[in-house]
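Okay, protein_19.txt now, which holds compact mmCIF, C-alpha atoms and all ligand atoms:
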```txt
# COMPACT_ATOMS: atom_id res chain seq x y z
CA MET A 1 7.38 23.15 -6.88
CA ILE A 2 6.96 22.04 -3.26
CA HIS A 3 9.67 19.64 -2.22
CA TYR A 4 8.68 16.83 0.15
CA LYS A 5 11.52 17.62 2.53
CA GLU A 6 9.85 20.98 3.27
CA LEU A 7 6.79 19.04 4.42
CA GLY A 8 8.69 16.65 6.67
CA PHE A 9 8.34 13.47 4.57
CA VAL A 10 11.19 11.09 3.78
CA ASN A 11 11.75 8.96 0.69
CA THR A 12 11.73 5.18 1.01
CA ARG A 13 15.49 4.53 0.64
CA GLU A 14 16.47 4.50 4.32
CA MET A 15 13.18 2.82 5.30
CA PHE A 16 13.87 -0.10 2.98
CA ARG A 17 17.50 -0.39 4.01
CA ASP A 18 16.43 -0.82 7.64
CA ALA A 19 13.56 -3.18 6.75
CA MET A 20 15.92 -5.36 4.72
CA LYS A 21 18.52 -5.42 7.49
CA ASN A 22 16.06 -6.24 10.25
CA GLY A 23 13.67 -8.62 8.45
CA TYR A 24 10.41 -6.70 8.44
CA ALA A 25 8.23 -4.87 5.88
CA VAL A 26 7.17 -1.22 5.95
CA PRO A 27 3.37 -0.86 5.84
CA ALA A 28 1.93 1.02 2.87
CA TYR A 29 -1.62 1.97 3.79
CA ASN A 30 -3.97 3.74 1.35
CA PHE A 31 -6.06 6.70 2.42
CA ASN A 32 -8.89 8.65 0.77
CA ASN A 33 -10.30 10.63 3.66
CA MET A 34 -9.50 12.28 6.99
CA GLU A 35 -10.50 9.37 9.24
CA GLN A 36 -8.27 6.88 7.41
CA LEU A 37 -5.34 9.28 7.49
CA GLN A 38 -5.78 10.00 11.21
CA ALA A 39 -6.01 6.28 11.94
CA ILE A 40 -2.88 5.39 9.97
CA ILE A 41 -0.74 8.08 11.62
CA THR A 42 -2.11 7.41 15.10
CA ALA A 43 -1.59 3.65 14.80
CA CYS A 44 1.96 4.00 13.47
CA VAL A 45 2.95 6.56 16.11
CA ARG A 46 1.52 4.36 18.88
CA SER A 47 3.24 1.23 17.57
CA ARG A 48 6.44 3.10 16.61
CA SER A 49 6.41 1.96 12.98
CA PRO A 50 7.63 3.73 9.85
CA VAL A 51 4.80 4.18 7.37
CA ILE A 52 4.13 4.85 3.70
CA LEU A 53 0.98 6.89 3.11
CA GLN A 54 -0.40 5.75 -0.23
CA VAL A 55 -2.49 7.87 -2.54
CA SER A 56 -3.98 6.24 -5.65
CA LYS A 57 -5.12 8.05 -8.78
CA GLY A 58 -8.66 7.27 -7.64
CA ALA A 59 -7.97 8.84 -4.24
CA ARG A 60 -6.73 12.04 -5.92
CA ASP A 61 -9.83 12.18 -8.09
CA TYR A 62 -12.07 11.52 -5.09
CA ALA A 63 -10.61 13.89 -2.55
CA ASN A 64 -8.98 16.53 -4.80
CA PRO A 65 -5.19 16.46 -5.24
CA THR A 66 -4.61 19.81 -3.53
CA LEU A 67 -6.73 18.93 -0.52
CA LEU A 68 -5.08 15.52 -0.19
CA ARG A 69 -1.63 17.08 -0.19
CA TRP A 70 -2.60 19.55 2.51
CA MET A 71 -4.21 16.78 4.52
CA ALA A 72 -0.99 14.79 4.41
CA ARG A 73 0.91 17.93 5.42
CA GLY A 74 -1.58 18.48 8.25
CA ALA A 75 -1.05 14.90 9.39
CA MET A 76 2.68 15.63 9.76
CA GLU A 77 1.88 18.65 11.95
CA MET A 78 -0.57 16.57 13.99
CA MET A 79 2.12 13.96 14.50
CA LYS A 80 4.50 16.54 15.98
CA GLU A 81 1.87 17.24 18.63
CA MET A 82 1.49 13.52 19.35
CA THR A 83 5.14 12.65 19.91
CA ASP A 84 8.57 14.22 20.52
CA LYS A 85 10.06 11.51 18.30
CA PRO A 86 8.39 11.73 14.89
CA ILE A 87 8.21 8.47 12.92
CA PRO A 88 9.47 8.36 9.31
CA VAL A 89 6.57 8.95 6.89
CA ALA A 90 6.72 8.72 3.10
CA LEU A 91 4.01 10.16 0.85
CA HIS A 92 3.68 7.79 -2.09
CA LEU A 93 1.73 7.70 -5.35
CA ASP A 94 0.17 4.25 -5.74
CA HIS A 95 -0.14 2.84 -9.29
CA GLY A 96 0.88 5.94 -11.20
CA ASP A 97 -0.04 5.30 -14.82
CA SER A 98 1.74 8.11 -16.67
CA PHE A 99 4.86 10.28 -16.53
CA GLU A 100 2.64 13.38 -16.18
CA LEU A 101 0.87 12.03 -13.08
CA CYS A 102 4.17 11.05 -11.45
CA LYS A 103 5.63 14.47 -12.25
CA ALA A 104 2.58 16.25 -10.80
CA CYS A 105 3.01 14.31 -7.55
CA ILE A 106 6.79 14.87 -7.39
CA ASP A 107 6.22 18.61 -7.98
CA ASN A 108 3.65 18.67 -5.19
CA GLY A 109 5.36 17.14 -2.21
CA PHE A 110 5.36 13.38 -2.80
CA SER A 111 8.54 11.64 -1.64
CA SER A 112 7.98 8.45 -3.60
CA VAL A 113 6.04 7.39 -6.69
CA MET A 114 5.06 4.15 -8.32
CA ILE A 115 5.04 4.00 -12.10
CA ASP A 116 3.04 0.96 -13.05
CA GLY A 117 3.94 -0.06 -16.58
CA SER A 118 3.35 -3.74 -15.83
CA HIS A 119 0.58 -4.09 -18.41
CA LEU A 120 2.81 -2.63 -21.16
CA PRO A 121 5.15 -4.64 -23.40
CA TYR A 122 8.50 -5.10 -21.63
CA GLU A 123 10.51 -2.51 -23.59
CA GLN A 124 7.75 0.10 -23.20
CA ASN A 125 7.59 -0.58 -19.45
CA ILE A 126 11.36 0.03 -19.28
CA GLU A 127 11.14 3.24 -21.31
CA LEU A 128 8.32 4.75 -19.25
CA THR A 129 9.82 3.68 -15.91
CA ARG A 130 13.23 5.07 -16.86
CA LYS A 131 11.74 8.43 -17.79
CA VAL A 132 10.04 8.69 -14.40
CA VAL A 133 13.22 7.63 -12.57
CA GLU A 134 15.29 10.28 -14.39
CA TYR A 135 12.91 13.02 -13.32
CA ALA A 136 12.31 11.70 -9.78
CA HIS A 137 15.95 11.22 -8.89
CA LYS A 138 16.73 14.87 -9.69
CA TYR A 139 14.63 15.62 -6.60
CA ASP A 140 15.71 12.61 -4.53
CA VAL A 141 12.26 11.05 -4.91
CA THR A 142 12.29 7.23 -4.92
CA VAL A 143 10.53 5.18 -7.60
CA GLU A 144 8.76 1.81 -7.50
CA GLY A 145 8.36 -0.10 -10.77
CA GLU A 146 6.38 -3.26 -11.48
CA LEU A 147 7.06 -6.44 -13.42
CA GLY A 148 4.36 -9.10 -13.78
CA VAL A 149 0.61 -8.57 -13.59
CA LEU A 150 -1.58 -9.33 -10.57
CA ALA A 151 -4.93 -11.01 -11.17
CA GLY A 152 -7.88 -8.69 -10.57
CA ILE A 153 -8.12 -4.98 -11.20
CA GLU A 154 -5.11 -2.67 -11.27
CA GLU A 155 -6.21 0.90 -11.98
CA HIS A 156 -8.85 -0.13 -14.52
CA VAL A 157 -6.62 -2.80 -16.08
CA VAL A 158 -8.32 -6.16 -15.50
CA SER A 159 -6.39 -9.41 -15.68
CA GLU A 160 -8.19 -12.76 -15.40
CA LYS A 161 -5.13 -14.54 -14.10
CA THR A 162 -1.77 -13.75 -12.57
CA HIS A 163 1.12 -13.27 -14.95
CA TYR A 164 3.88 -14.14 -12.53
CA THR A 165 7.02 -12.05 -12.59
CA ASP A 166 9.68 -13.67 -14.72
CA PRO A 167 12.88 -13.86 -12.62
CA ASN A 168 14.90 -13.77 -15.86
CA GLN A 169 13.79 -10.17 -16.44
CA VAL A 170 14.32 -8.57 -13.04
CA GLU A 171 18.04 -7.86 -13.17
CA ASP A 172 17.81 -6.27 -16.61
CA PHE A 173 14.73 -4.25 -15.60
CA VAL A 174 16.28 -2.91 -12.41
CA LYS A 175 19.58 -2.06 -14.13
CA ARG A 176 18.06 -0.34 -17.15
CA THR A 177 15.38 1.63 -15.31
CA GLY A 178 17.27 2.61 -12.14
CA VAL A 179 14.20 1.96 -9.94
CA ASP A 180 14.57 1.91 -6.16
CA SER A 181 12.13 -0.94 -5.53
CA LEU A 182 10.26 -3.52 -7.57
CA ALA A 183 6.65 -4.73 -7.24
CA ILE A 184 6.28 -8.37 -8.26
CA ALA A 185 3.46 -10.80 -8.98
CA ILE A 186 3.71 -14.03 -6.95
CA GLY A 187 0.03 -14.82 -6.49
CA THR A 188 -1.45 -11.88 -4.57
CA SER A 189 -4.24 -9.81 -6.12
CA HIS A 190 -6.14 -6.61 -5.41
CA GLY A 191 -9.49 -6.39 -3.66
CA ALA A 192 -11.48 -8.61 -1.31
CA TYR A 193 -11.96 -11.61 -3.62
CA LYS A 194 -8.44 -12.82 -4.18
CA PHE A 195 -9.09 -16.48 -4.90
CA LYS A 196 -12.01 -18.41 -6.34
CA ILE A 197 -12.10 -21.40 -4.01
CA LYS A 198 -14.89 -23.81 -3.17
CA PRO A 199 -15.84 -24.54 0.47
CA GLY A 200 -13.24 -26.79 2.07
CA GLU A 201 -10.57 -25.97 -0.52
CA GLU A 202 -7.23 -24.55 0.58
CA ILE A 203 -6.07 -21.06 -0.42
CA PRO A 204 -3.25 -21.55 -2.96
CA PRO A 205 0.07 -20.54 -1.38
CA LEU A 206 2.07 -17.60 -2.70
CA ARG A 207 4.86 -18.55 -5.11
CA PHE A 208 7.77 -18.25 -2.70
CA ASP A 209 9.85 -20.21 -5.20
CA ILE A 210 9.58 -17.29 -7.64
CA LEU A 211 10.38 -14.80 -4.87
CA GLU A 212 13.49 -16.77 -3.93
CA GLU A 213 14.60 -16.90 -7.55
CA ILE A 214 14.12 -13.12 -7.83
CA GLU A 215 16.13 -12.57 -4.63
CA LYS A 216 19.00 -14.56 -6.15
CA ARG A 217 19.01 -12.40 -9.27
CA ILE A 218 18.91 -9.06 -7.42
CA PRO A 219 20.29 -9.73 -3.94
CA GLY A 220 19.43 -7.12 -1.34
CA PHE A 221 17.05 -5.24 -3.65
CA PRO A 222 13.76 -4.05 -2.06
CA ILE A 223 10.71 -6.01 -3.25
CA VAL A 224 7.11 -4.78 -2.95
CA LEU A 225 3.99 -6.88 -2.46
CA HIS A 226 0.72 -5.42 -3.73
CA GLY A 227 -2.69 -6.93 -3.04
CA ALA A 228 -1.60 -8.04 0.41
CA SER A 229 -4.76 -7.63 2.49
CA SER A 230 -5.63 -10.74 4.44
CA VAL A 231 -9.35 -9.89 4.07
CA LEU A 232 -9.98 -10.15 7.79
CA GLN A 233 -12.84 -12.61 8.24
CA GLU A 234 -14.22 -11.07 11.44
CA TYR A 235 -15.05 -7.90 9.49
CA VAL A 236 -16.39 -9.79 6.46
CA ASP A 237 -18.66 -11.68 8.89
CA MET A 238 -19.73 -8.43 10.54
CA ILE A 239 -20.59 -6.92 7.15
CA ASN A 240 -22.68 -9.98 6.26
CA ARG A 241 -24.34 -10.04 9.70
CA TYR A 242 -25.46 -6.42 9.39
CA GLY A 243 -27.06 -6.50 5.95
CA GLY A 244 -24.04 -6.65 3.66
CA LYS A 245 -23.36 -9.25 1.02
CA MET A 246 -19.74 -10.25 0.64
CA GLU A 247 -19.73 -13.92 -0.24
CA ASN A 248 -16.47 -15.83 -0.61
CA ALA A 249 -14.32 -12.81 0.23
CA VAL A 250 -10.86 -14.22 0.92
CA GLY A 251 -7.32 -12.86 1.19
CA ILE A 252 -3.70 -13.75 1.85
CA PRO A 253 -3.17 -15.79 5.04
CA GLU A 254 -1.25 -13.84 7.68
CA GLU A 255 1.50 -16.43 8.11
CA GLN A 256 2.36 -16.10 4.41
CA LEU A 257 2.62 -12.33 4.77
CA ARG A 258 4.82 -12.78 7.85
CA ARG A 259 7.10 -15.05 5.85
CA ALA A 260 7.23 -12.53 3.00
CA ALA A 261 7.99 -9.66 5.41
CA LYS A 262 11.07 -11.51 6.68
CA SER A 263 12.41 -11.87 3.14
CA ALA A 264 13.44 -9.16 0.64
CA VAL A 265 9.85 -7.90 0.66
CA CYS A 266 10.30 -4.46 2.24
CA LYS A 267 6.89 -2.90 1.47
CA ILE A 268 3.48 -4.50 1.91
CA ASN A 269 0.42 -2.75 0.43
CA ILE A 270 -2.86 -2.88 2.34
CA ASP A 271 -6.03 -1.09 1.31
CA SER A 272 -8.93 -3.56 1.29
CA ASP A 273 -8.60 -4.51 4.97
CA GLY A 274 -9.11 -0.84 5.90
CA ARG A 275 -12.18 -0.66 3.68
CA LEU A 276 -13.63 -3.76 5.35
CA VAL A 277 -13.11 -2.37 8.85
CA MET A 278 -14.82 0.95 8.04
CA THR A 279 -17.73 -0.73 6.27
CA ALA A 280 -18.26 -3.31 9.02
CA ILE A 281 -18.36 -0.79 11.86
CA ILE A 282 -20.58 1.65 10.00
CA ARG A 283 -23.01 -1.13 9.04
CA LYS A 284 -23.16 -2.32 12.67
CA ILE A 285 -23.91 1.16 13.97
CA PHE A 286 -26.55 1.79 11.31
CA ALA A 287 -28.22 -1.52 12.17
CA GLU A 288 -28.11 -1.04 15.93
CA LYS A 289 -28.90 2.69 16.00
CA PRO A 290 -31.10 3.42 13.00
CA SER A 291 -31.87 6.93 14.22
CA GLU A 292 -28.19 7.98 14.30
CA PHE A 293 -27.40 10.67 11.74
CA ASP A 294 -24.31 12.43 13.10
CA PRO A 295 -21.39 11.24 10.91
CA ARG A 296 -19.00 11.61 13.85
CA LYS A 297 -20.95 8.90 15.68
CA TYR A 298 -20.21 6.28 13.04
CA LEU A 299 -17.00 7.57 11.43
CA GLY A 300 -15.42 8.05 14.88
CA PRO A 301 -15.88 4.40 15.97
CA ALA A 302 -14.79 3.25 12.50
CA ARG A 303 -11.59 5.30 12.96
CA GLU A 304 -10.98 3.71 16.40
CA GLU A 305 -11.34 0.23 14.93
CA LEU A 306 -8.99 1.13 12.06
CA ILE A 307 -6.34 2.19 14.59
CA LYS A 308 -6.61 -1.21 16.32
CA MET A 309 -6.37 -3.06 13.01
CA TYR A 310 -3.30 -1.13 11.78
CA ILE A 311 -1.50 -1.66 15.11
CA MET A 312 -2.25 -5.38 14.88
CA LYS A 313 -0.81 -5.45 11.33
CA ASN A 314 2.36 -3.65 12.38
CA GLU A 315 2.88 -5.84 15.44
CA LYS A 316 1.78 -9.25 14.26
CA VAL A 317 2.06 -9.35 10.47
CA LEU A 318 4.62 -6.90 9.09
CA GLY A 319 6.92 -6.82 12.10
CA SER A 320 7.37 -3.06 11.71
CA ALA A 321 6.31 -2.16 15.26
CA ASN A 322 8.99 -0.76 17.57
CA LYS A 323 11.46 -0.31 14.74
CA VAL A 324 11.75 3.49 15.02
O1 LIG B 401 -4.26 -1.01 -5.79
C1 LIG B 401 -5.29 -0.37 -5.67
C2 LIG B 401 -5.58 0.33 -4.39
O2 LIG B 401 -6.33 -0.51 -3.53
C3 LIG B 401 -6.25 1.64 -4.64
O3 LIG B 401 -7.55 1.44 -5.07
O4 LIG B 401 -7.70 2.78 -7.17
O5 LIG B 401 -9.76 2.15 -5.87
O6 LIG B 401 -8.17 3.88 -4.97
P1 LIG B 401 -8.34 2.64 -5.83
P1 LIG B 402 -5.37 -4.90 -1.27
O1 LIG B 402 -6.54 -4.75 -2.16
O2 LIG B 402 -5.05 -6.36 -1.07
O3 LIG B 402 -5.52 -4.19 0.00
O4 LIG B 402 -4.09 -4.29 -2.03
C1 LIG B 402 -3.83 -2.91 -1.99
C2 LIG B 402 -2.77 -2.49 -2.94
O5 LIG B 402 -2.04 -3.26 -3.51
C3 LIG B 402 -2.62 -1.05 -3.17
O6 LIG B 402 -1.69 -0.76 -4.16
ZN ZN B 403 -1.57 -2.24 -5.72
```
Output the file's structure in the form of structure tokens.
Ligand code: G3H
Ligand code: 13P
Ligand code: ZN
Amino acid sequence: MIHYKELGFVNTREMFRDAMKNGYAVPAYNFNNMEQLQAIITACVRSRSPVILQVSKGARDYANPTLLRWMARGAMEMMKEMTDKPIPVALHLDHGDSFELCKACIDNGFSSVMIDGSHLPYEQNIELTRKVVEYAHKYDVTVEGELGVLAGIEEHVVSEKTHYTDPNQVEDFVKRTGVDSLAIAIGTSHGAYKFKIKPGEEIPPLRFDILEEIEKRIPGFPIVLHGASSVLQEYVDMINRYGGKMENAVGIPEEQLRRAAKSAVCKINIDSDGRLVMTAIIRKIFAEKPSEFDPRKYLGPAREELIKMYIMKNEKVLGSANKV
């Protein structure tokens, strides 16, 4: 057992308390490789933002769980060299789908886990979530549960349409599971194609009415928004300009995310925007310099652009900049 405190991580409890009090959301950025991890830490240190480093099951399979853990640990050491005032960093399992996976992460230095039982029948979701909470809390690890199903793909579970969170269930779910935060479905979805809209049509707004109803039922309880990339059009355009094909890629408008961040939404999950930035810059370099074959020459600029994008998110969308 390696406890997260030995590695310098924090759980999400204090982060969410501060975010709730001061009307912002903590960024939860996914990483799968060194360049993404460097960019996230660098951007959050430069903009003085707390951050949640997110690792999905897919990321563990891709990069190797042991290597990922050591990379995250290395990032904490790197941070100490960057600043005298370390920022709070949580290491979080994104979309954990079993007790065993959550336990493996808790036993290996994660400070927070998500158990996603949202696709299960209600009572089974409660049972699984509760089991994870009981184990996690023994080690002061915080747990995120989920109620409602986002449209799109969630860890191989595909849903054609959103099954909005039912506000009538949230109080019971939170009480009976003991979770520390709750992911809800109010119209966001994973990936770069969040809405099927025809040219000229408006993006349907998030269901703030459901969010407000949820806030009334569980006042002051930290809410999490998944699928919250805005699918930055400048990078979609760049991808298409340099040989890519991403038609009708569309995300959540920034002003809606800003509004959510000021509410009980304390954690905003962003993965796709990082993928778009990397892909756009690499495509541009490949198109403009076809003879380039040193990975540092295209991964390095992609990393620089990621840093800029994450700082922009912290400053202009989540409001988490200059909070630590
Ligand atoms: O919610 C999903 C995240 O974007 C992680 O995606 O499972 O492809 O790593 P992934
Ligand atoms: P996006 O696909 O909108 O970036 O959502 C990421 C996410 O929810 C990770 O859990
Ligand atoms: Zn998600």
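If you measure from each of A:Thr188, A:Thr66, A:Thr177, A:Thr83 to ligand LIG 401 (chain B) using all atoms listed in the file, the closest one turns out to be A:Thr188.
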From the list A:His190, A:Arg275, A:Arg69, A:Lys289, the nearest residue to ligand ZN 403 (chain B) using all atoms listed in the file is A:His190
Residue neighbourhood Arg303 (chain A), 10 Å, all atoms listed in the file, exclusion window fewer than 5 positions, as a ChimeraX atom specification: /A:34-40,42,274,277-278,281,296,298,308-309
Using all atoms listed in the file, which protein or nucleic acid residues are at most 12 Å from ligand LIG 401 (chain B), as a VMD selection string? chain A and resid 28 to 33 53 to 63 92 to 97 114 116 149 to 158 183 188 to 192 225 to 229 268 to 276
Separation of CA of Pro253 (chain A) from atom P1 of ligand LIG 402 (chain B), in Å and rounded to one decimal: 12.8 Å
What is the distance, in Å and to one decimal place, between CA of Val265 (chain A) and CA of Thr129 (chain A)? 20.2 Å
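Of the listed residues (A:Leu128, A:Ala19, A:Ile115, A:Ala302), A:Ile115 comes nearest to ligand ZN 403 (chain B); the distances count all atoms listed in the file.
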Within 10 Å of Asp237 (chain A), counting all atoms listed in the file, which residues show up once you throw out same-chain ones fewer than 3 positions away? Write them as a ChimeraX atom specification, please. /A:232-234,240-242,244-247,249,280
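The space between CA of Glu171 (chain A) and CA of Ile214 (chain A) spans 8.5 Å.
Closest approach to ligand ZN 403 (chain B) from the set A:Gly74, A:Asp294, A:Glu123, A:Val224 is made by A:Val224, with distances taken over all atoms listed in the file.
In terms of minimum interatomic distance to Leu318 (chain A), A:Ser49 ranks closest within A:Ser49, A:Thr162, A:Ser111, A:Asn64, counting all atoms listed in the file.
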Show me the residues around (3.2, 14.7, -14.4) - criterion: an atom at most 12 Å away, all atoms listed in the file counted - as a ChimeraX atom specification. /A:93,96-108,110,113,115,131-132,135-136
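Checking A:Ile252, A:Cys266, A:Ala287, A:Ile41 one by one against Asn22 (chain A), counting all atoms listed in the file, you find the shortest gap at A:Cys266.
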Residues within 12 Å of Lys21 (chain A), please, as a ChimeraX atom specification. Count only C-alpha atoms; anything in the same chain fewer than 5 positions from it doesn't count. /A:14-16,220-222,261-266,323
Saved selection, atoms kept: C-alpha atoms, as a short mmCIF file (atom, residue, chain, number, x, y, z; two decimals), keeping the file's coordinate frame:
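Output (part_30.cif):
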```cif
data_model
loop_
_atom_site.label_atom_id
_atom_site.label_comp_id
_atom_site.auth_asym_id
_atom_site.auth_seq_id
_atom_site.Cartn_x
_atom_site.Cartn_y
_atom_site.Cartn_z
CA GLU A 14 16.47 4.50 4.32
CA MET A 15 13.18 2.82 5.30
CA PHE A 16 13.87 -0.10 2.98
CA GLY A 220 19.43 -7.12 -1.34
CA PHE A 221 17.05 -5.24 -3.65
CA PRO A 222 13.76 -4.05 -2.06
CA ALA A 261 7.99 -9.66 5.41
CA LYS A 262 11.07 -11.51 6.68
CA SER A 263 12.41 -11.87 3.14
CA ALA A 264 13.44 -9.16 0.64
CA VAL A 265 9.85 -7.90 0.66
CA CYS A 266 10.30 -4.46 2.24
CA LYS A 323 11.46 -0.31 14.74
#
```
Let me have the centre and edge lengths in Å, one decimal, of the box along x, y and z around every listed atom of region 226-237 of chain A with 5 Å of margin on each side, as AutoDock Vina command-line options.
```
--center_x -9.0 --center_y -9.0 --center_z 3.9 --size_x 29.4 --size_y 17.2 --size_z 25.2
```
Please identify every residue of region 77-176 of chain A that has at least one atom no farther than 8 Å from an atom of region 43-47 of chain A, counting all atoms listed in the file, and for each give the shortest atom pair and the distance in Å to one decimal, arranged by chain then increasing number, as a tab-separated table.
```
residue	atom	partner	partner_atom	distance
A:Met79	CA	A:Val45	CA	7.6
A:Met82	CA	A:Val45	CA	7.8
A:Thr83	CA	A:Val45	CA	7.5
A:Pro86	CA	A:Val45	CA	7.6
A:Ile87	CA	A:Val45	CA	6.4
```
Non-local contacts of Leu182 (chain A) (6 Å; all atoms listed in the file; under 3 positions in same chain excluded) as a PDB file with C-alpha atoms, in the coordinates of the input:
```pdb
ATOM      1  CA  GLU A 144       8.760   1.810  -7.500  1.00  0.00           C
ATOM      2  CA  GLY A 145       8.360  -0.100 -10.770  1.00  0.00           C
ATOM      3  CA  GLU A 146       6.380  -3.260 -11.480  1.00  0.00           C
ATOM      4  CA  ILE A 223      10.710  -6.010  -3.250  1.00  0.00           C
ATOM      5  CA  VAL A 224       7.110  -4.780  -2.950  1.00  0.00           C
TER       6      VAL A 224
END
```
Residues near Asp180 (chain A), anyone? I mean within 7 Å using all atoms listed in the file, not counting same-chain ones fewer than 2 positions away, as a tab-separated table (two decimals) with C-alpha atoms, in the coordinates of the input.
```tsv
chain	number	residue	atom	x	y	z
A	142	THR	CA	12.29	7.23	-4.92
A	143	VAL	CA	10.53	5.18	-7.60
A	144	GLU	CA	8.76	1.81	-7.50
A	178	GLY	CA	17.27	2.61	-12.14
```
